[in-house]
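Structure data follow from my_file.cif (mmCIF, C-alpha atoms):
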```cif
data_input
#
loop_
_atom_site.label_atom_id
_atom_site.label_comp_id
_atom_site.auth_asym_id
_atom_site.auth_seq_id
_atom_site.Cartn_x
_atom_site.Cartn_y
_atom_site.Cartn_z
CA MET A 120 -84.30 -124.61 199.63
CA ILE A 121 -83.38 -122.38 196.70
CA THR A 122 -82.27 -118.97 197.83
CA ARG A 123 -82.28 -115.96 195.53
CA ARG A 124 -78.48 -116.13 195.33
CA HIS A 125 -78.61 -119.76 194.27
CA PHE A 126 -81.28 -119.05 191.72
CA ILE A 127 -79.18 -116.34 190.10
CA ALA A 128 -76.19 -118.70 190.06
CA MET A 129 -78.38 -121.33 188.38
CA LEU A 130 -79.45 -118.90 185.68
CA GLY A 131 -75.82 -118.01 185.09
CA SER A 132 -74.88 -121.66 184.64
CA CYS A 133 -77.71 -122.16 182.19
CA PHE A 134 -76.71 -119.22 180.03
CA ALA A 135 -73.08 -120.29 180.11
CA LEU A 136 -74.18 -123.61 178.60
CA LEU A 137 -75.84 -121.81 175.70
CA VAL A 138 -72.80 -119.73 174.75
CA PRO A 139 -71.24 -121.21 171.59
CA GLY A 140 -67.72 -122.44 172.08
CA PHE A 141 -68.22 -122.92 175.78
CA VAL A 142 -66.15 -125.67 177.38
CA GLY A 143 -67.35 -129.04 176.19
CA ALA A 144 -69.73 -127.59 173.63
CA LYS A 145 -71.72 -129.94 171.43
CA THR A 146 -69.48 -131.65 168.91
CA THR A 147 -72.15 -133.63 167.09
CA THR A 148 -75.42 -132.60 165.49
CA PRO A 149 -78.63 -133.91 167.09
CA GLY A 150 -79.18 -137.51 166.07
CA GLY A 151 -75.56 -137.74 165.00
CA ALA A 152 -74.71 -140.23 167.72
CA GLN A 153 -77.31 -142.70 166.50
CA ARG A 154 -76.01 -142.56 162.93
CA ALA A 155 -72.47 -143.02 164.20
CA LEU A 156 -73.43 -146.01 166.36
CA THR A 157 -75.48 -147.80 163.69
CA GLY A 158 -73.12 -146.93 160.87
CA GLY A 159 -76.20 -145.79 158.98
CA ALA A 160 -77.92 -149.19 159.37
CA LYS A 161 -81.69 -149.25 159.85
CA ALA A 162 -83.02 -149.33 163.40
CA THR A 163 -86.55 -150.62 164.09
CA ARG A 164 -88.89 -149.31 166.77
CA ASP A 165 -89.68 -152.61 168.49
CA ARG A 166 -88.49 -155.00 171.21
CA VAL A 167 -87.13 -152.13 173.35
CA THR A 168 -89.01 -150.52 176.24
CA LEU A 169 -87.56 -147.26 177.55
CA THR A 170 -89.19 -146.18 180.80
CA MET A 171 -88.76 -142.64 182.10
CA PRO A 172 -91.04 -140.13 183.81
CA GLY A 173 -92.96 -137.97 181.34
CA ILE A 174 -92.23 -134.97 183.53
CA ALA A 175 -88.86 -134.90 185.26
CA GLU A 176 -88.92 -132.40 188.09
CA ASN A 177 -85.15 -132.51 188.38
CA GLY A 178 -83.03 -132.91 185.26
CA LEU A 179 -80.00 -133.64 187.42
CA SER A 180 -81.21 -137.17 188.05
CA VAL A 181 -83.87 -138.86 185.96
CA PHE A 182 -84.56 -142.52 186.68
CA THR A 183 -84.28 -144.47 183.45
CA THR A 184 -84.94 -148.14 182.71
CA VAL A 185 -84.41 -150.02 179.48
CA GLU A 186 -85.74 -153.52 178.92
CA VAL A 187 -85.28 -155.51 175.73
CA ALA A 188 -87.35 -158.50 174.62
CA SER A 189 -84.64 -161.09 174.06
CA PRO A 190 -84.14 -164.75 174.98
CA MET A 191 -80.58 -163.84 176.09
CA SER A 192 -79.31 -167.19 174.81
CA ALA A 193 -75.85 -167.88 173.42
CA GLN A 194 -77.31 -167.58 169.91
CA ASP A 195 -79.57 -164.56 170.43
CA TYR A 196 -78.69 -161.85 172.91
CA VAL A 197 -78.48 -158.12 173.45
CA LYS A 198 -74.95 -156.85 172.91
CA THR A 199 -75.23 -153.16 173.75
CA ILE A 200 -77.84 -150.72 175.05
CA HIS A 201 -77.08 -147.06 174.31
CA LEU A 202 -78.85 -144.16 176.01
CA LEU A 203 -78.94 -141.03 173.84
CA ALA A 204 -80.13 -137.55 174.83
CA GLU A 205 -80.13 -135.35 171.73
CA LYS A 206 -80.23 -132.01 173.56
CA ASN A 207 -77.53 -132.79 176.08
CA PRO A 208 -74.08 -131.25 175.46
CA ARG A 209 -72.92 -134.83 174.92
CA GLU A 210 -75.60 -136.90 173.19
CA GLN A 211 -74.24 -140.34 174.11
CA VAL A 212 -75.05 -140.64 177.82
CA ALA A 213 -74.14 -144.25 178.59
CA SER A 214 -73.60 -147.59 176.86
CA PHE A 215 -74.33 -150.88 178.63
CA HIS A 216 -72.53 -153.98 177.35
CA LEU A 217 -74.37 -157.22 178.01
CA GLY A 218 -73.99 -160.85 177.05
CA PRO A 219 -75.92 -164.10 177.25
CA ARG A 220 -74.92 -164.43 180.92
CA ALA A 221 -77.18 -161.47 181.79
CA GLY A 222 -80.22 -163.75 181.67
CA ARG A 223 -82.47 -160.73 181.43
CA ALA A 224 -81.85 -157.69 179.23
CA LYS A 225 -82.85 -154.96 181.64
CA VAL A 226 -80.74 -152.10 182.99
CA ALA A 227 -81.45 -149.02 185.08
CA THR A 228 -79.59 -145.83 185.95
CA ASN A 229 -80.10 -142.13 186.68
CA ILE A 230 -79.26 -139.70 183.88
CA ARG A 231 -78.97 -135.93 183.50
CA LEU A 232 -81.12 -134.00 181.04
CA ALA A 233 -80.04 -130.49 180.04
CA ALA A 234 -83.46 -129.65 178.55
CA SER A 235 -86.87 -131.10 177.73
CA GLN A 236 -86.21 -133.52 174.92
CA GLN A 237 -86.63 -136.91 173.35
CA VAL A 238 -84.47 -139.64 174.87
CA THR A 239 -83.58 -142.70 172.80
CA ALA A 240 -82.61 -146.22 173.85
CA LEU A 241 -80.72 -147.75 170.92
CA VAL A 242 -80.04 -151.47 171.15
CA GLU A 243 -77.63 -153.60 169.16
CA MET A 244 -78.21 -157.37 169.06
CA ASN A 245 -75.46 -159.92 168.59
CA ASP A 246 -76.63 -160.43 164.98
CA GLY A 247 -75.88 -156.76 164.27
CA SER A 248 -79.52 -155.63 164.07
CA PHE A 249 -80.58 -152.36 165.73
CA TRP A 250 -83.78 -151.67 167.66
CA PHE A 251 -84.92 -148.61 169.57
CA ASP A 252 -87.51 -146.85 171.68
CA THR A 253 -87.94 -143.18 172.53
CA ARG A 254 -89.53 -141.14 175.33
CA ASP A 255 -90.38 -137.46 175.41
CA VAL A 256 -89.38 -136.02 178.75
CA VAL A 257 -90.34 -132.56 180.00
CA VAL A 258 -87.69 -131.24 182.36
CA THR A 259 -88.75 -128.74 185.01
CA ILE A 260 -85.27 -127.90 186.35
CA ALA A 261 -82.57 -128.63 183.78
CA ALA A 262 -79.29 -130.32 184.59
CA CYS A 263 -77.21 -127.32 183.57
CA VAL A 264 -78.00 -125.70 186.88
CA ASP A 265 -75.68 -125.58 189.83
CA GLY A 266 -76.25 -127.62 192.94
CA GLY A 267 -75.78 -131.23 191.84
CA MET B 258 -64.63 -142.34 208.26
CA GLY B 259 -67.29 -141.34 205.78
CA PRO B 260 -69.86 -143.54 204.17
CA ALA B 261 -68.70 -146.33 201.88
CA ILE B 262 -67.64 -145.19 198.41
CA ALA B 263 -69.03 -148.23 196.66
CA ARG B 264 -72.14 -150.24 197.50
CA VAL B 265 -73.55 -153.31 195.81
CA MET B 266 -76.88 -154.84 196.67
CA MET B 267 -77.38 -158.43 195.54
CA PRO B 268 -78.49 -161.72 197.03
CA LYS B 269 -75.87 -163.70 198.96
CA ALA B 270 -77.18 -166.98 197.58
CA ALA B 271 -79.18 -168.15 194.61
CA LYS B 272 -80.18 -171.36 192.92
CA ALA B 273 -78.28 -172.39 189.81
CA ALA B 274 -79.72 -170.79 186.65
CA ASP B 275 -81.64 -168.19 188.66
CA VAL B 276 -81.55 -164.69 187.23
CA ILE B 277 -80.54 -162.27 189.99
CA GLU B 278 -80.75 -158.49 190.11
CA ILE B 279 -77.66 -156.53 191.09
CA LYS B 280 -77.85 -152.88 192.11
CA SER B 281 -74.72 -150.75 192.44
CA LEU B 282 -74.14 -147.30 193.82
CA PHE B 283 -70.88 -145.36 193.69
CA ARG B 284 -70.13 -142.11 195.51
CA HIS B 285 -68.70 -139.73 192.91
CA PRO B 286 -69.42 -136.09 191.93
CA MET B 287 -69.67 -136.86 188.18
CA GLU B 288 -68.55 -133.26 187.62
CA THR B 289 -69.65 -132.38 184.09
CA GLY B 290 -66.92 -129.89 183.18
CA TYR B 291 -69.64 -127.45 182.10
CA ARG B 292 -70.01 -125.66 185.40
CA VAL B 293 -68.16 -122.60 186.64
CA ASP B 294 -67.32 -121.80 190.23
CA ALA B 295 -68.15 -118.64 192.15
CA VAL B 296 -65.28 -116.70 190.54
CA GLY B 297 -66.07 -117.83 187.00
CA GLU B 298 -63.38 -120.49 186.69
CA ALA B 299 -64.43 -123.64 184.86
CA ILE B 300 -64.69 -126.62 187.22
CA PRO B 301 -62.69 -129.43 185.59
CA ARG B 302 -64.54 -132.49 184.40
CA HIS B 303 -64.32 -135.47 186.75
CA VAL B 304 -66.47 -138.43 185.82
CA VAL B 305 -66.52 -142.19 186.18
CA THR B 306 -66.08 -143.44 182.62
CA LEU B 307 -66.12 -147.21 183.09
CA PHE B 308 -67.95 -149.69 185.30
CA THR B 309 -67.17 -153.39 184.92
CA VAL B 310 -68.35 -156.60 186.55
CA ASP B 311 -66.37 -159.84 186.45
CA TYR B 312 -67.98 -163.06 187.68
CA ASP B 313 -65.48 -165.80 188.44
CA GLY B 314 -62.95 -163.99 186.28
CA GLU B 315 -65.22 -163.54 183.28
CA ARG B 316 -66.49 -160.12 182.20
CA ILE B 317 -70.28 -160.32 182.40
CA PHE B 318 -71.26 -156.64 182.26
CA ALA B 319 -69.70 -153.28 181.49
CA VAL B 320 -70.92 -149.70 181.16
CA ASP B 321 -69.30 -146.73 179.42
CA LEU B 322 -70.45 -143.69 181.36
CA SER B 323 -70.25 -139.97 180.60
CA GLN B 324 -71.04 -136.67 182.27
CA GLY B 325 -74.66 -137.39 181.27
CA VAL B 326 -74.96 -139.84 184.15
CA ALA B 327 -76.12 -138.35 187.45
CA SER B 328 -73.78 -137.88 190.39
CA ASN B 329 -73.30 -140.94 192.59
CA PRO B 330 -73.96 -143.24 189.63
CA TYR B 331 -76.56 -145.94 190.22
CA ILE B 332 -76.54 -148.91 187.88
CA ALA B 333 -78.81 -151.94 188.07
CA PHE B 334 -78.62 -155.04 185.90
CA TYR B 335 -79.17 -158.81 185.92
CA THR B 336 -77.04 -161.91 185.72
CA VAL B 337 -77.52 -165.67 185.75
CA ALA B 338 -76.24 -167.45 188.86
CA THR B 339 -73.91 -170.06 187.37
CA ARG B 340 -71.69 -171.28 190.20
CA SER B 341 -70.41 -170.12 193.58
CA GLY B 342 -67.73 -167.49 193.23
CA GLU B 343 -66.66 -163.87 193.46
CA LEU B 344 -68.18 -160.95 191.62
CA LEU B 345 -65.66 -158.15 191.18
CA PHE B 346 -67.09 -154.65 190.62
CA SER B 347 -64.75 -151.92 189.31
CA TRP B 348 -65.34 -148.21 188.80
CA THR B 349 -62.70 -146.20 186.90
CA ASP B 350 -62.78 -142.42 186.49
CA ASP B 351 -61.15 -140.09 183.98
CA ARG B 352 -58.25 -139.45 186.38
CA GLY B 353 -57.36 -143.12 186.15
CA GLU B 354 -58.48 -143.92 189.67
CA THR B 355 -60.10 -147.32 190.13
CA VAL B 356 -62.16 -148.52 193.08
CA GLN B 357 -63.00 -152.20 193.37
CA LEU B 358 -65.47 -154.13 195.45
CA SER B 359 -65.83 -157.88 195.65
CA LYS B 360 -68.96 -159.81 196.61
CA SER B 361 -69.35 -163.54 196.93
CA LEU B 362 -72.33 -165.45 195.63
CA THR B 363 -73.21 -168.92 196.83
CA VAL B 364 -74.97 -170.94 194.18
CA LEU B 365 -77.09 -173.82 195.40
CA PRO B 366 -77.85 -176.80 193.19
#
```
Mind turning this structure into structure tokens?
Amino acid sequence: MITRRHFIAMLGSCFALLVPGFVGAKTTTPGGAQRALTGGAKATRDRVTLTMPGIAENGLSVFTTVEVASPMSAQDYVKTIHLLAEKNPREQVASFHLGPRAGRAKVATNIRLAASQQVTALVEMNDGSFWFDTRDVVVTIAACVDGG
Amino acid sequence: MGPAIARVMMPKAAKAADVIEIKSLFRHPMETGYRVDAVGEAIPRHVVTLFTVDYDGERIFAVDLSQGVASNPYIAFYTVATRSGELLFSWTDDRGETVQLSKSLTVLP
């Protein structure tokens, strides 16, 4: 249950996050992480399926699944799956490193979202090509609040 | 004694070349470093930054995590059952603490 005291504390935490120069403030511009990871190379919207709820009631923990269409053979496999959240204080949320021994290129985790935003799954294949998918997620209670 | 810090859910046995799902759960606050306590002091960041899985001594999966991952990080992934052996799961946080858990997998012909 959220008491009035907790609610006020939550609001305080949210505003603190918005103050420029606050601890751990954003160091990259939105979308900067993707450019850094691809080195400016082209990424194509295909082969990747990012699954997230359209409305996340709790930004503290949003179930996220990424699946990539890949034979996962020694010649053709997914190397890395990056999860990027452009409006989080740190855009690069997690990076999963796979190899042909995975058998299936599918990973799942729970991520935090500081605001309603577009989440990106950016995938690098072993041949150096980049593929991606995005999901717009509306967050009801953002992850900047207290009470994790 | 509290609940286990690390949990891994996976089959005990599989047929060779089967693709198995592995689910892991690790008890950790994943403190973002953005929050302040009741007296306005910043709560220091404390997050698991690396999760690795070695199967029979070979690295088969790794994750770089950040404060953007929810507390008690859950990670699920797949691997091909190659041969009977140990899977070693390791979680390392930004204070340099590492927790390891080993699970054995029996691979049937």
* Identify, on the basis of only C-alpha atoms, every residue whose closest approach to Phe334 (chain B) does not exceed 12 Å; exclude the query and any residue fewer than 4 positions from it along the same chain; express the result as a ChimeraX atom specification. => /A:184-186,200,215-218,220-228 /B:265-267,276-282,308-310,317-320
* Any idea what's packed within 8 Å of Pro330 (chain B), counting only C-alpha atoms, ignoring anything in its chain fewer than 6 positions away? Could you give it as a list in words? -> Thr228 and Asn229 of chain A; Leu282, Phe283, Arg284, His285 and Met287 of chain B
* To do: Place a sphere of radius 9 Å on (-83.6, -157.6, 167.1) in the file coordinates and name every protein, DNA or RNA residue with an atom inside or on its surface, counting only C-alpha atoms; give the answer as an MDAnalysis selection string.
  => chainID A and resid 163 165:166 188:189 195:197 242:250
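As for CA of Trp348 (chain B) and CA of Ala299 (chain B), they are spaced 24.9 Å apart.
For the residues B:Lys272, B:Arg302, B:Leu322, B:Ile332, ranking by smallest atom-to-atom distance to Thr183 (chain A) using only C-alpha atoms places B:Ile332 first.
Remark: for Asp351 (chain B), the closest of the candidate residues B:Leu365, B:Leu307, B:Val296, B:Ala327 is B:Leu307 (distances computed over all atoms listed in the file).
Remark: for Ala270 (chain B), the closest of the candidate residues B:Arg352, B:Ser359, B:Ser341, B:Arg316 is B:Ser341 (distances computed over only C-alpha atoms).
Residues in contact range of Gly342 (chain B), defined as at most 8 Å between all atoms listed in the file, with sequence neighbours fewer than 4 positions away removed, read Tyr312, Asp313, Ser361, Leu362 and Thr363 of chain B.
With all atoms listed in the file as the atoms that count, the residue of B:Ser347, B:Thr336, B:Asn329, B:Gln324 with the shortest distance to chain A is B:Thr336.
The space between CA of Asp252 (chain A) and CA of Gln237 (chain A) spans 10.1 Å.
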* **Nearby residues, (-87.7, -142.8, 181.7) file frame, 10 Å, all atoms listed in the file, as JSON, numbers by chain** => {"A": [168, 169, 170, 171, 172, 173, 174, 175, 181, 182, 183, 184, 185, 227, 228, 229, 230, 238, 239, 240, 253, 254, 255, 256]}
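For the set B:Asp321, B:Glu343, B:Arg264, B:Glu298, the residue with the smallest atom-to-atom gap to His201 (chain A) is B:Asp321, counting only C-alpha atoms.
Across the model, the gap from CA of Arg231 (chain A) to CA of Gly151 (chain A) is 18.9 Å.
For the file at hand, the PyMOL selection byres ((chain A and resi 211-213) around 6) resolves to His201, Leu202, Leu203, Arg209, Glu210 and Ser214 of chain A; Asp321, Leu322, Ser323 and Gly325 of chain B.
Proximity to chain B was assessed for A:Ser180, A:Met191, A:Val257, A:Lys198 counting only C-alpha atoms; the smallest distance is recorded for A:Ser180.
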* Asked: Using the chain letters and numbers from the file, which residues does the PyMOL selection byres ((chain B and resi 338) around 6) grab, as a PyMOL selection string?
  -> chain B and resi 273-275+337+339
